[in-house]
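Source file: target_36.cif. Holds: mmCIF, C-alpha atoms.
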data_target
#
loop_
_atom_site.label_atom_id
_atom_site.label_comp_id
_atom_site.auth_asym_id
_atom_site.auth_seq_id
_atom_site.Cartn_x
_atom_site.Cartn_y
_atom_site.Cartn_z
CA MET R 1 132.04 -261.35 -39.52
CA SER R 2 134.71 -263.61 -41.03
CA LYS R 3 135.95 -266.71 -39.21
CA ARG R 4 139.43 -265.15 -39.00
CA ALA R 5 138.08 -262.01 -37.31
CA LEU R 6 135.97 -264.07 -34.90
CA LYS R 7 139.01 -266.18 -33.92
CA ARG R 8 141.04 -262.99 -33.32
CA GLN R 9 138.32 -261.64 -31.02
CA LEU R 10 138.15 -264.83 -29.03
CA ARG R 11 141.96 -264.98 -28.78
CA GLU R 12 142.64 -261.31 -27.93
CA GLY R 13 139.39 -260.27 -26.32
CA ALA R 14 139.17 -257.45 -28.88
CA PHE R 15 135.46 -256.79 -28.67
CA ASP R 16 133.94 -253.68 -30.10
CA ALA R 17 132.05 -251.67 -27.47
CA GLY R 18 129.55 -250.71 -30.15
CA GLN R 19 128.25 -254.26 -30.15
CA PHE R 20 126.59 -253.61 -26.81
CA GLU R 21 124.91 -250.29 -27.63
CA GLY R 22 121.18 -250.49 -27.19
CA ASP R 23 121.36 -253.72 -25.21
CA ASP R 24 118.83 -253.10 -22.48
CA LYS R 25 119.76 -256.32 -20.72
CA VAL R 26 122.96 -254.76 -19.39
CA ARG R 27 122.02 -252.45 -16.54
CA ARG R 28 123.89 -250.99 -13.59
CA LEU R 29 122.11 -252.03 -10.42
CA PRO R 30 121.79 -249.51 -7.57
CA LEU R 31 124.00 -250.24 -4.57
CA ASP R 32 122.28 -251.16 -1.33
CA ARG R 33 124.34 -249.34 1.25
CA GLY R 34 122.30 -250.62 4.20
CA TRP R 35 121.77 -248.64 7.35
CA SER R 36 123.18 -245.12 7.51
CA PRO R 37 123.68 -242.93 10.60
CA LEU R 38 122.39 -240.03 8.54
CA GLY R 39 118.97 -241.59 8.01
CA GLY R 40 117.36 -243.95 5.56
CA HIS R 41 117.70 -247.70 5.12
CA HIS R 42 118.24 -250.25 2.38
CA GLY R 43 119.34 -248.06 -0.46
CA HIS R 44 117.62 -244.87 0.66
CA ALA R 45 120.42 -243.69 2.93
CA ASN R 46 121.73 -241.26 0.34
CA GLU R 47 118.51 -239.30 -0.10
CA ASP R 48 119.50 -236.76 2.54
CA ARG R 49 123.24 -236.83 1.92
CA GLU R 50 125.06 -235.55 -1.13
CA GLN R 51 127.86 -237.65 -2.52
CA GLY R 52 130.61 -235.42 -1.29
CA TYR R 53 131.96 -233.99 1.91
CA LEU R 54 129.32 -232.69 4.28
CA LYS R 55 129.81 -228.96 4.65
CA THR R 56 127.06 -228.43 7.21
CA ILE R 57 126.76 -230.13 10.58
CA LYS R 58 123.32 -231.38 11.50
CA ALA R 59 122.44 -232.72 14.94
CA LYS R 60 120.89 -236.19 14.91
CA SER R 61 119.71 -236.22 18.52
CA PRO R 62 118.83 -233.79 21.35
CA GLY R 63 122.20 -234.46 22.99
CA GLN R 64 124.09 -233.67 19.80
CA GLU R 65 122.07 -230.46 19.41
CA GLU R 66 123.03 -229.46 22.95
CA LEU R 67 126.70 -230.24 22.24
CA ILE R 68 126.78 -228.16 19.03
CA LYS R 69 125.17 -225.20 20.81
CA ALA R 70 127.62 -225.52 23.72
CA ILE R 71 130.62 -225.47 21.35
CA ASP R 72 129.22 -222.35 19.68
CA ASP R 73 128.64 -220.57 23.00
CA LYS R 74 131.51 -221.65 25.27
CA ASN R 75 135.32 -221.69 25.03
CA LEU R 76 135.61 -224.89 27.05
CA VAL R 77 133.25 -227.83 26.57
CA MET R 78 133.36 -231.31 28.05
CA ALA R 79 131.38 -233.93 26.08
CA LEU R 80 130.76 -237.12 28.02
CA GLY R 81 128.86 -240.09 26.71
CA PRO R 82 128.94 -243.68 25.46
CA ALA R 83 130.56 -244.87 22.25
CA GLY R 84 128.83 -243.88 19.04
CA THR R 85 127.22 -240.65 20.22
CA GLY R 86 129.29 -238.54 17.81
CA LYS R 87 131.38 -236.74 20.44
CA THR R 88 134.68 -236.84 18.54
CA TYR R 89 133.11 -236.39 15.11
CA LEU R 90 131.13 -233.28 16.10
CA ALA R 91 134.12 -231.76 17.91
CA ILE R 92 136.38 -232.21 14.88
CA ALA R 93 133.64 -231.08 12.50
CA LYS R 94 133.26 -227.85 14.48
CA ALA R 95 137.05 -227.48 14.54
CA VAL R 96 137.20 -227.74 10.74
CA GLU R 97 134.32 -225.27 10.45
CA ALA R 98 136.15 -222.76 12.67
CA LEU R 99 139.39 -223.15 10.71
CA GLU R 100 137.74 -222.83 7.30
CA SER R 101 135.82 -219.73 8.38
CA GLY R 102 138.98 -218.08 9.75
CA ARG R 103 137.80 -217.96 13.37
CA VAL R 104 140.92 -219.87 14.46
CA GLY R 105 144.35 -220.19 12.92
CA ARG R 106 144.94 -223.88 13.62
CA ILE R 107 143.48 -227.14 14.89
CA VAL R 108 145.21 -229.14 17.61
CA LEU R 109 143.98 -232.71 18.15
CA SER R 110 145.28 -234.85 20.98
CA ARG R 111 144.53 -238.16 22.65
CA PRO R 112 146.34 -240.31 25.20
CA ALA R 113 148.45 -243.23 24.00
CA VAL R 114 147.35 -245.85 26.50
CA GLU R 115 148.09 -249.52 26.01
CA ALA R 116 144.69 -251.14 26.50
CA GLY R 117 146.06 -254.63 26.98
CA GLU R 118 148.17 -254.42 23.82
CA SER R 119 151.84 -253.54 23.59
CA ILE R 120 153.26 -251.12 21.03
CA GLY R 121 156.91 -251.68 21.91
CA PHE R 122 157.31 -254.32 19.21
CA LEU R 123 155.94 -252.10 16.42
CA PRO R 124 158.55 -251.03 13.86
CA GLY R 125 159.69 -247.45 13.37
CA ASP R 126 160.35 -244.49 15.60
CA ALA R 127 158.07 -243.02 18.27
CA GLU R 128 155.86 -241.32 15.68
CA ASP R 129 155.32 -244.62 13.86
CA LYS R 130 154.48 -246.43 17.09
CA LEU R 131 151.93 -243.79 18.09
CA ALA R 132 150.25 -243.64 14.66
CA PRO R 133 147.66 -246.38 15.42
CA TYR R 134 146.46 -244.44 18.49
CA LEU R 135 146.00 -241.24 16.50
CA ARG R 136 144.35 -242.93 13.50
CA PRO R 137 140.74 -242.25 14.64
CA LEU R 138 141.49 -238.52 14.55
CA TYR R 139 142.75 -238.79 10.96
CA ASP R 140 139.59 -240.72 10.06
CA ALA R 141 137.32 -238.01 11.46
CA LEU R 142 139.31 -235.30 9.70
CA SER R 143 139.22 -237.09 6.35
CA ASP R 144 135.44 -237.32 6.62
CA ARG R 145 135.23 -233.53 6.74
CA LEU R 146 138.10 -232.70 4.37
CA SER R 147 139.76 -234.59 1.54
CA MET R 148 142.96 -236.36 2.57
CA LYS R 149 144.86 -234.15 0.13
CA ARG R 150 143.59 -231.07 1.97
CA VAL R 151 144.36 -232.65 5.36
CA ARG R 152 147.95 -233.38 4.30
CA ALA R 153 148.38 -229.83 2.98
CA LEU R 154 147.06 -228.27 6.20
CA MET R 155 149.28 -230.53 8.31
CA ALA R 156 152.31 -229.64 6.20
CA GLU R 157 151.76 -225.93 6.82
CA GLY R 158 151.05 -226.44 10.53
CA ALA R 159 147.35 -225.54 10.43
CA ILE R 160 146.44 -229.02 11.71
CA GLU R 161 148.46 -230.76 14.41
CA ILE R 162 147.81 -234.22 15.82
CA ALA R 163 149.78 -235.20 18.89
CA PRO R 164 149.58 -237.53 21.89
CA VAL R 165 148.75 -235.99 25.27
CA GLY R 166 152.32 -236.31 26.49
CA PHE R 167 153.48 -233.82 23.88
CA MET R 168 151.16 -231.05 25.13
CA ARG R 169 152.95 -230.18 28.36
CA GLY R 170 154.39 -226.67 28.62
CA ARG R 171 152.47 -225.24 25.67
CA THR R 172 150.02 -222.34 25.41
CA LEU R 173 147.49 -222.76 22.60
CA ASN R 174 146.36 -219.36 21.32
CA ASN R 175 144.03 -218.82 18.35
CA ALA R 176 143.39 -222.56 18.14
CA PHE R 177 140.57 -225.09 18.25
CA VAL R 178 141.74 -227.88 20.55
CA VAL R 179 140.11 -231.31 20.76
CA ILE R 180 141.17 -233.71 23.53
CA ASP R 181 139.79 -237.14 22.61
CA GLU R 182 139.46 -240.30 24.74
CA ALA R 183 139.91 -238.22 27.87
CA GLN R 184 138.74 -241.10 30.07
CA ASN R 185 142.26 -242.47 29.62
CA CYS R 186 143.79 -239.35 31.18
CA THR R 187 144.63 -239.02 34.84
CA TYR R 188 143.41 -236.10 36.93
CA VAL R 189 146.87 -234.49 36.71
CA GLN R 190 147.00 -234.94 32.92
CA LEU R 191 143.54 -233.39 32.46
CA LYS R 192 144.46 -230.44 34.66
CA MET R 193 147.59 -229.93 32.54
CA LEU R 194 145.59 -230.15 29.30
CA LEU R 195 142.80 -227.80 30.40
CA THR R 196 145.33 -225.16 31.39
CA ARG R 197 146.80 -225.17 27.86
CA LEU R 198 143.84 -223.04 26.72
CA GLY R 199 145.03 -219.69 25.40
CA TRP R 200 143.47 -216.52 24.01
CA HIS R 201 140.86 -216.74 21.22
CA SER R 202 140.77 -220.52 21.55
CA THR R 203 138.13 -223.20 22.01
CA MET R 204 138.74 -226.55 23.68
CA VAL R 205 136.48 -229.60 23.53
CA VAL R 206 137.25 -232.57 25.78
CA THR R 207 135.50 -235.83 24.83
CA GLY R 208 135.34 -239.16 26.61
CA ASP R 209 133.29 -241.93 28.19
CA PRO R 210 133.94 -242.29 31.93
CA ASN R 211 132.51 -245.83 31.80
CA GLN R 212 134.96 -247.07 29.18
CA SER R 213 138.37 -246.22 30.59
CA ASP R 214 141.43 -248.37 29.95
CA LEU R 215 142.81 -247.13 33.27
CA LEU R 216 141.85 -248.35 36.71
CA PRO R 217 138.64 -246.58 37.87
CA GLU R 218 140.39 -244.61 40.61
CA ILE R 219 143.13 -243.43 38.20
CA SER R 220 140.96 -241.94 35.44
CA GLY R 221 140.30 -238.28 36.21
CA LEU R 222 137.53 -237.50 33.70
CA ALA R 223 134.50 -238.04 35.93
CA SER R 224 135.83 -236.01 38.86
CA VAL R 225 137.08 -233.17 36.63
CA ALA R 226 133.71 -232.96 34.85
CA GLN R 227 131.85 -232.94 38.16
CA LYS R 228 133.94 -230.03 39.46
CA LEU R 229 133.75 -228.02 36.22
CA GLU R 230 129.95 -228.27 36.09
CA GLU R 231 129.92 -225.63 38.82
CA VAL R 232 131.77 -223.13 36.58
CA GLY R 233 129.32 -221.01 34.63
CA ASN R 234 131.51 -220.35 31.60
CA ILE R 235 132.22 -224.05 31.05
CA ALA R 236 129.71 -226.44 29.46
CA VAL R 237 129.56 -230.09 30.49
CA VAL R 238 127.34 -232.00 28.05
CA ARG R 239 126.31 -235.52 29.00
CA LEU R 240 125.13 -237.63 26.09
CA ALA R 241 123.14 -240.84 26.61
CA GLU R 242 122.28 -244.05 24.78
CA ARG R 243 119.47 -242.26 22.95
CA ASP R 244 122.13 -240.12 21.26
CA ILE R 245 123.99 -243.07 19.70
CA VAL R 246 124.14 -242.60 15.93
CA ARG R 247 126.26 -245.60 15.00
CA HIS R 248 124.66 -248.82 13.88
CA PRO R 249 121.53 -249.55 15.99
CA LEU R 250 123.22 -252.70 17.29
CA VAL R 251 125.72 -250.51 19.18
CA ALA R 252 122.97 -249.11 21.41
CA GLU R 253 121.51 -252.58 21.94
CA MET R 254 124.91 -254.03 22.87
CA LEU R 255 125.72 -251.21 25.30
CA GLY R 256 122.37 -251.82 26.94
CA VAL R 257 123.37 -255.34 27.97
CA LEU R 258 127.17 -255.23 28.25
#
Write-out of the structure in structure tokens:
Amino acid sequence: MSKRALKRQLREGAFDAGQFEGDDKVRRLPLDRGWSPLGGHHGHANEDREQGYLKTIKAKSPGQEELIKAIDDKNLVMALGPAGTGKTYLAIAKAVEALESGRVGRIVLSRPAVEAGESIGFLPGDAEDKLAPYLRPLYDALSDRLSMKRVRALMAEGAIEIAPVGFMRGRTLNNAFVVIDEAQNCTYVQLKMLLTRLGWHSTMVVTGDPNQSDLLPEISGLASVAQKLEEVGNIAVVRLAERDIVRHPLVAEMLGVL
């Protein structure tokens, strides 16, 4: 190579990719993804998960297996348990499955907008913008089952609706899969209103952790509602425990001492 050509390469960075062909010193190292809730550890987490959206739902604990069966068998299911047990994820995954198979015509996701020590009044934008942070976990669960492009398309045509609890009053939800998330932040009156939204050919799953309410203990209605509904044969109340936690193992250890 001439000195002029070498100077041009150094000045412009105009290297020929062919120079590096056959160079076995340049290798792409495998990524160590660490612990995975789907099994495996230190780089082996992907052995049982394809690099794409999971189309099948697989229970990772006895409690999750009970919850999946309850959703398949009952029109109203209450899933109670600590953080990280997969309550919301499984409910939304089953909702997506029902929508994609044509068993329901739409998905309705709702959660209460409760200020847990923070204030949203200062946030910019209209009411929808202020409520967006509260509804974000539902978008995250949806995007794990569907691509965001598909989620946006389904929302645009009304097949997926995400709304705070306050917007549910006065409605009848027919031919829908309804998920009420973070129900421990609902009062008894709110939960009674939500449960009576259930219409024909619909399934409703209510998720929450009675021990993690942002309301005062006597105001949250989840525990008392679940206790009363356990006596109704056509309603399933599934209680998940610490052994069902599928988040990082530290979550279970922390909840054991906090």
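The residue that comes closest to Arg243 of chain R, out of R:Ile71, R:Leu255, R:Leu173, R:Cys186 and on the basis of only C-alpha atoms, is R:Leu255.
Shortest separation to Gly105 of chain R among R:Ile68, R:Val225, R:Ile160, R:Val232 occurs at residue R:Ile160, atoms counted being all atoms listed in the file.
Around Val77 of chain R, within 10 Å and counting only C-alpha atoms, the residues found are Leu67, Ile68, Ala70, Ile71, Asp72, Ala91, Val179, Thr203, Met204, Val205, Val206, Thr207, Ala226, Leu229, Asn234, Ile235, Ala236, Val237 and Val238 of chain R, once anything fewer than 5 positions away on its own chain is removed.
Here atom CA of Ala223 of chain R is placed at a distance of 22.1 Å from atom CA of Val257 of chain R.
Straight-line separation from atom CA of Leu240 of chain R to atom CA of Leu90 of chain R: 12.4 Å.
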In Å and to one decimal, atom CA of Ala113 of chain R is distant from atom CA of Tyr134 of chain R by 6.0 Å
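If all atoms listed in the file are the atoms counted, then among R:Leu99, R:Gly158, R:Ala183, R:Phe177 the closest residue to Leu146 of chain R is R:Leu99.
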Self-check item: Residues selected by the PyMOL selection byres ((chain R and resi 159) around 10), written as JSON, numbers by chain
Solution: {"R": [99, 104, 105, 106, 107, 108, 151, 152, 153, 154, 155, 156, 157, 158, 160, 161, 176]}
Applying the PyMOL selection byres ((chain R and resi 84) around 10) to the file I just gave you, which residues come out? Please list them as a compact mmCIF listing (two decimals) with C-alpha atoms, keeping the file's coordinate frame.
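Result saved to expr.txt:
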# COMPACT_ATOMS: atom_id res chain seq x y z
CA PRO R 37 123.68 -242.93 10.60
CA GLY R 81 128.86 -240.09 26.71
CA PRO R 82 128.94 -243.68 25.46
CA ALA R 83 130.56 -244.87 22.25
CA THR R 85 127.22 -240.65 20.22
CA GLY R 86 129.29 -238.54 17.81
CA LYS R 87 131.38 -236.74 20.44
CA THR R 88 134.68 -236.84 18.54
CA TYR R 89 133.11 -236.39 15.11
CA ALA R 241 123.14 -240.84 26.61
CA GLU R 242 122.28 -244.05 24.78
CA ASP R 244 122.13 -240.12 21.26
CA ILE R 245 123.99 -243.07 19.70
CA VAL R 246 124.14 -242.60 15.93
CA ARG R 247 126.26 -245.60 15.00
CA HIS R 248 124.66 -248.82 13.88
CA PRO R 249 121.53 -249.55 15.99
CA VAL R 251 125.72 -250.51 19.18
CA ALA R 252 122.97 -249.11 21.41
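Compared by their closest atoms to Arg171 of chain R, and using all atoms listed in the file, the residues R:Lys192, R:Lys149, R:Leu198, R:Gly221 rank with R:Leu198 nearest.
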Q.
If the PyMOL selection byres ((chain R and resi 188) around 12) were run on this exact file, what residues would it hold? Put them as a list in words.
A. Ala183, Gln184, Asn185, Cys186, Thr187, Val189, Gln190, Leu191, Lys192, Met193, Leu194, Leu195, Leu215, Pro217, Glu218, Ile219, Ser220, Gly221, Leu222, Ala223, Ser224, Val225, Ala226 and Lys228 of chain R
Asp140 of chain R proximity check over R:Leu258, R:Val165, R:Ala93, R:Ile180, using only C-alpha atoms: winner is R:Ala93
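Counting only C-alpha atoms and comparing R:Asn175, R:Ile57, R:Pro164, R:Pro133, the residue that lies closest to Gly102 of chain R is R:Asn175.
Look at Glu182 of chain R: the protein and nucleic acid residues within 8 Å of it, using all atoms listed in the file and passing over chain neighbours fewer than 6 places away, are Arg111, Pro112, Thr207, Gly208 and Asp209 of chain R.
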All heavy atoms are needed for segment 100-111 of chain R; please write them out as a PDB file, in the frame of the given file.
ATOM      1  N   GLU R 100     138.097-223.241   8.662  1.00  0.00           N
ATOM      2  CA  GLU R 100     137.740-222.830   7.300  1.00  0.00           C
ATOM      3  C   GLU R 100     137.122-221.440   7.261  1.00  0.00           C
ATOM      4  O   GLU R 100     137.251-220.725   6.271  1.00  0.00           O
ATOM      5  CB  GLU R 100     136.774-223.856   6.686  1.00  0.00           C
ATOM      6  CG  GLU R 100     137.349-225.256   6.506  1.00  0.00           C
ATOM      7  CD  GLU R 100     138.329-225.354   5.343  1.00  0.00           C
ATOM      8  OE1 GLU R 100     139.417-224.731   5.431  1.00  0.00           O
ATOM      9  OE2 GLU R 100     138.017-226.046   4.368  1.00  0.00           O
ATOM     10  N   SER R 101     136.442-221.053   8.342  1.00  0.00           N
ATOM     11  CA  SER R 101     135.820-219.730   8.380  1.00  0.00           C
ATOM     12  C   SER R 101     136.786-218.644   8.860  1.00  0.00           C
ATOM     13  O   SER R 101     136.437-217.466   8.868  1.00  0.00           O
ATOM     14  CB  SER R 101     134.585-219.758   9.283  1.00  0.00           C
ATOM     15  OG  SER R 101     134.959-220.015  10.623  1.00  0.00           O
ATOM     16  N   GLY R 102     137.982-219.049   9.304  1.00  0.00           N
ATOM     17  CA  GLY R 102     138.980-218.080   9.750  1.00  0.00           C
ATOM     18  C   GLY R 102     138.851-217.669  11.197  1.00  0.00           C
ATOM     19  O   GLY R 102     139.547-216.749  11.643  1.00  0.00           O
ATOM     20  N   ARG R 103     137.965-218.331  11.965  1.00  0.00           N
ATOM     21  CA  ARG R 103     137.800-217.960  13.370  1.00  0.00           C
ATOM     22  C   ARG R 103     138.987-218.399  14.218  1.00  0.00           C
ATOM     23  O   ARG R 103     139.243-217.826  15.282  1.00  0.00           O
ATOM     24  CB  ARG R 103     136.500-218.553  13.931  1.00  0.00           C
ATOM     25  CG  ARG R 103     135.252-218.004  13.277  1.00  0.00           C
ATOM     26  CD  ARG R 103     134.017-218.247  14.137  1.00  0.00           C
ATOM     27  NE  ARG R 103     133.815-219.648  14.443  1.00  0.00           N
ATOM     28  CZ  ARG R 103     133.147-220.500  13.664  1.00  0.00           C
ATOM     29  NH1 ARG R 103     132.650-220.071  12.506  1.00  0.00           N
ATOM     30  NH2 ARG R 103     132.985-221.750  14.021  1.00  0.00           N
ATOM     31  N   VAL R 104     139.697-219.447  13.784  1.00  0.00           N
ATOM     32  CA  VAL R 104     140.920-219.870  14.460  1.00  0.00           C
ATOM     33  C   VAL R 104     142.004-220.064  13.407  1.00  0.00           C
ATOM     34  O   VAL R 104     141.709-220.221  12.219  1.00  0.00           O
ATOM     35  CB  VAL R 104     140.728-221.183  15.255  1.00  0.00           C
ATOM     36  CG1 VAL R 104     139.714-221.005  16.364  1.00  0.00           C
ATOM     37  CG2 VAL R 104     140.326-222.329  14.342  1.00  0.00           C
ATOM     38  N   GLY R 105     143.248-220.053  13.860  1.00  0.00           N
ATOM     39  CA  GLY R 105     144.350-220.190  12.920  1.00  0.00           C
ATOM     40  C   GLY R 105     144.854-221.621  12.770  1.00  0.00           C
ATOM     41  O   GLY R 105     145.569-221.939  11.818  1.00  0.00           O
ATOM     42  N   ARG R 106     144.469-222.502  13.705  1.00  0.00           N
ATOM     43  CA  ARG R 106     144.940-223.880  13.620  1.00  0.00           C
ATOM     44  C   ARG R 106     144.060-224.807  14.440  1.00  0.00           C
ATOM     45  O   ARG R 106     143.292-224.371  15.305  1.00  0.00           O
ATOM     46  CB  ARG R 106     146.392-223.995  14.107  1.00  0.00           C
ATOM     47  CG  ARG R 106     146.592-223.513  15.528  1.00  0.00           C
ATOM     48  CD  ARG R 106     148.007-223.663  16.004  1.00  0.00           C
ATOM     49  NE  ARG R 106     148.243-222.956  17.256  1.00  0.00           N
ATOM     50  CZ  ARG R 106     149.163-223.297  18.134  1.00  0.00           C
ATOM     51  NH1 ARG R 106     149.951-224.328  17.889  1.00  0.00           N
ATOM     52  NH2 ARG R 106     149.331-222.604  19.239  1.00  0.00           N
ATOM     53  N   ILE R 107     144.177-226.092  14.149  1.00  0.00           N
ATOM     54  CA  ILE R 107     143.480-227.140  14.890  1.00  0.00           C
ATOM     55  C   ILE R 107     144.530-227.999  15.578  1.00  0.00           C
ATOM     56  O   ILE R 107     145.505-228.410  14.952  1.00  0.00           O
ATOM     57  CB  ILE R 107     142.626-228.021  13.948  1.00  0.00           C
ATOM     58  CG1 ILE R 107     141.494-227.196  13.312  1.00  0.00           C
ATOM     59  CG2 ILE R 107     142.059-229.214  14.685  1.00  0.00           C
ATOM     60  CD1 ILE R 107     140.729-227.974  12.245  1.00  0.00           C
ATOM     61  N   VAL R 108     144.318-228.265  16.861  1.00  0.00           N
ATOM     62  CA  VAL R 108     145.210-229.140  17.610  1.00  0.00           C
ATOM     63  C   VAL R 108     144.376-230.302  18.143  1.00  0.00           C
ATOM     64  O   VAL R 108     143.437-230.092  18.925  1.00  0.00           O
ATOM     65  CB  VAL R 108     145.916-228.414  18.762  1.00  0.00           C
ATOM     66  CG1 VAL R 108     146.827-229.380  19.521  1.00  0.00           C
ATOM     67  CG2 VAL R 108     146.725-227.226  18.236  1.00  0.00           C
ATOM     68  N   LEU R 109     144.698-231.514  17.718  1.00  0.00           N
ATOM     69  CA  LEU R 109     143.980-232.710  18.150  1.00  0.00           C
ATOM     70  C   LEU R 109     144.922-233.568  18.986  1.00  0.00           C
ATOM     71  O   LEU R 109     146.074-233.772  18.608  1.00  0.00           O
ATOM     72  CB  LEU R 109     143.491-233.511  16.938  1.00  0.00           C
ATOM     73  CG  LEU R 109     142.705-232.739  15.870  1.00  0.00           C
ATOM     74  CD1 LEU R 109     142.344-233.658  14.723  1.00  0.00           C
ATOM     75  CD2 LEU R 109     141.454-232.114  16.469  1.00  0.00           C
ATOM     76  N   SER R 110     144.424-234.062  20.097  1.00  0.00           N
ATOM     77  CA  SER R 110     145.280-234.850  20.980  1.00  0.00           C
ATOM     78  C   SER R 110     144.475-235.958  21.638  1.00  0.00           C
ATOM     79  O   SER R 110     143.274-235.804  21.894  1.00  0.00           O
ATOM     80  CB  SER R 110     145.903-233.950  22.046  1.00  0.00           C
ATOM     81  OG  SER R 110     146.787-234.675  22.868  1.00  0.00           O
ATOM     82  N   ARG R 111     145.138-237.070  21.878  1.00  0.00           N
ATOM     83  CA  ARG R 111     144.530-238.160  22.650  1.00  0.00           C
ATOM     84  C   ARG R 111     145.631-238.938  23.349  1.00  0.00           C
ATOM     85  O   ARG R 111     146.770-238.958  22.897  1.00  0.00           O
ATOM     86  CB  ARG R 111     143.666-239.060  21.756  1.00  0.00           C
ATOM     87  CG  ARG R 111     144.425-239.936  20.809  1.00  0.00           C
ATOM     88  CD  ARG R 111     143.559-240.549  19.697  1.00  0.00           C
ATOM     89  NE  ARG R 111     142.251-241.000  20.053  1.00  0.00           N
ATOM     90  CZ  ARG R 111     141.838-242.257  19.998  1.00  0.00           C
ATOM     91  NH1 ARG R 111     142.695-243.222  19.682  1.00  0.00           N
ATOM     92  NH2 ARG R 111     140.614-242.592  20.270  1.00  0.00           N
TER      93      ARG R 111
END
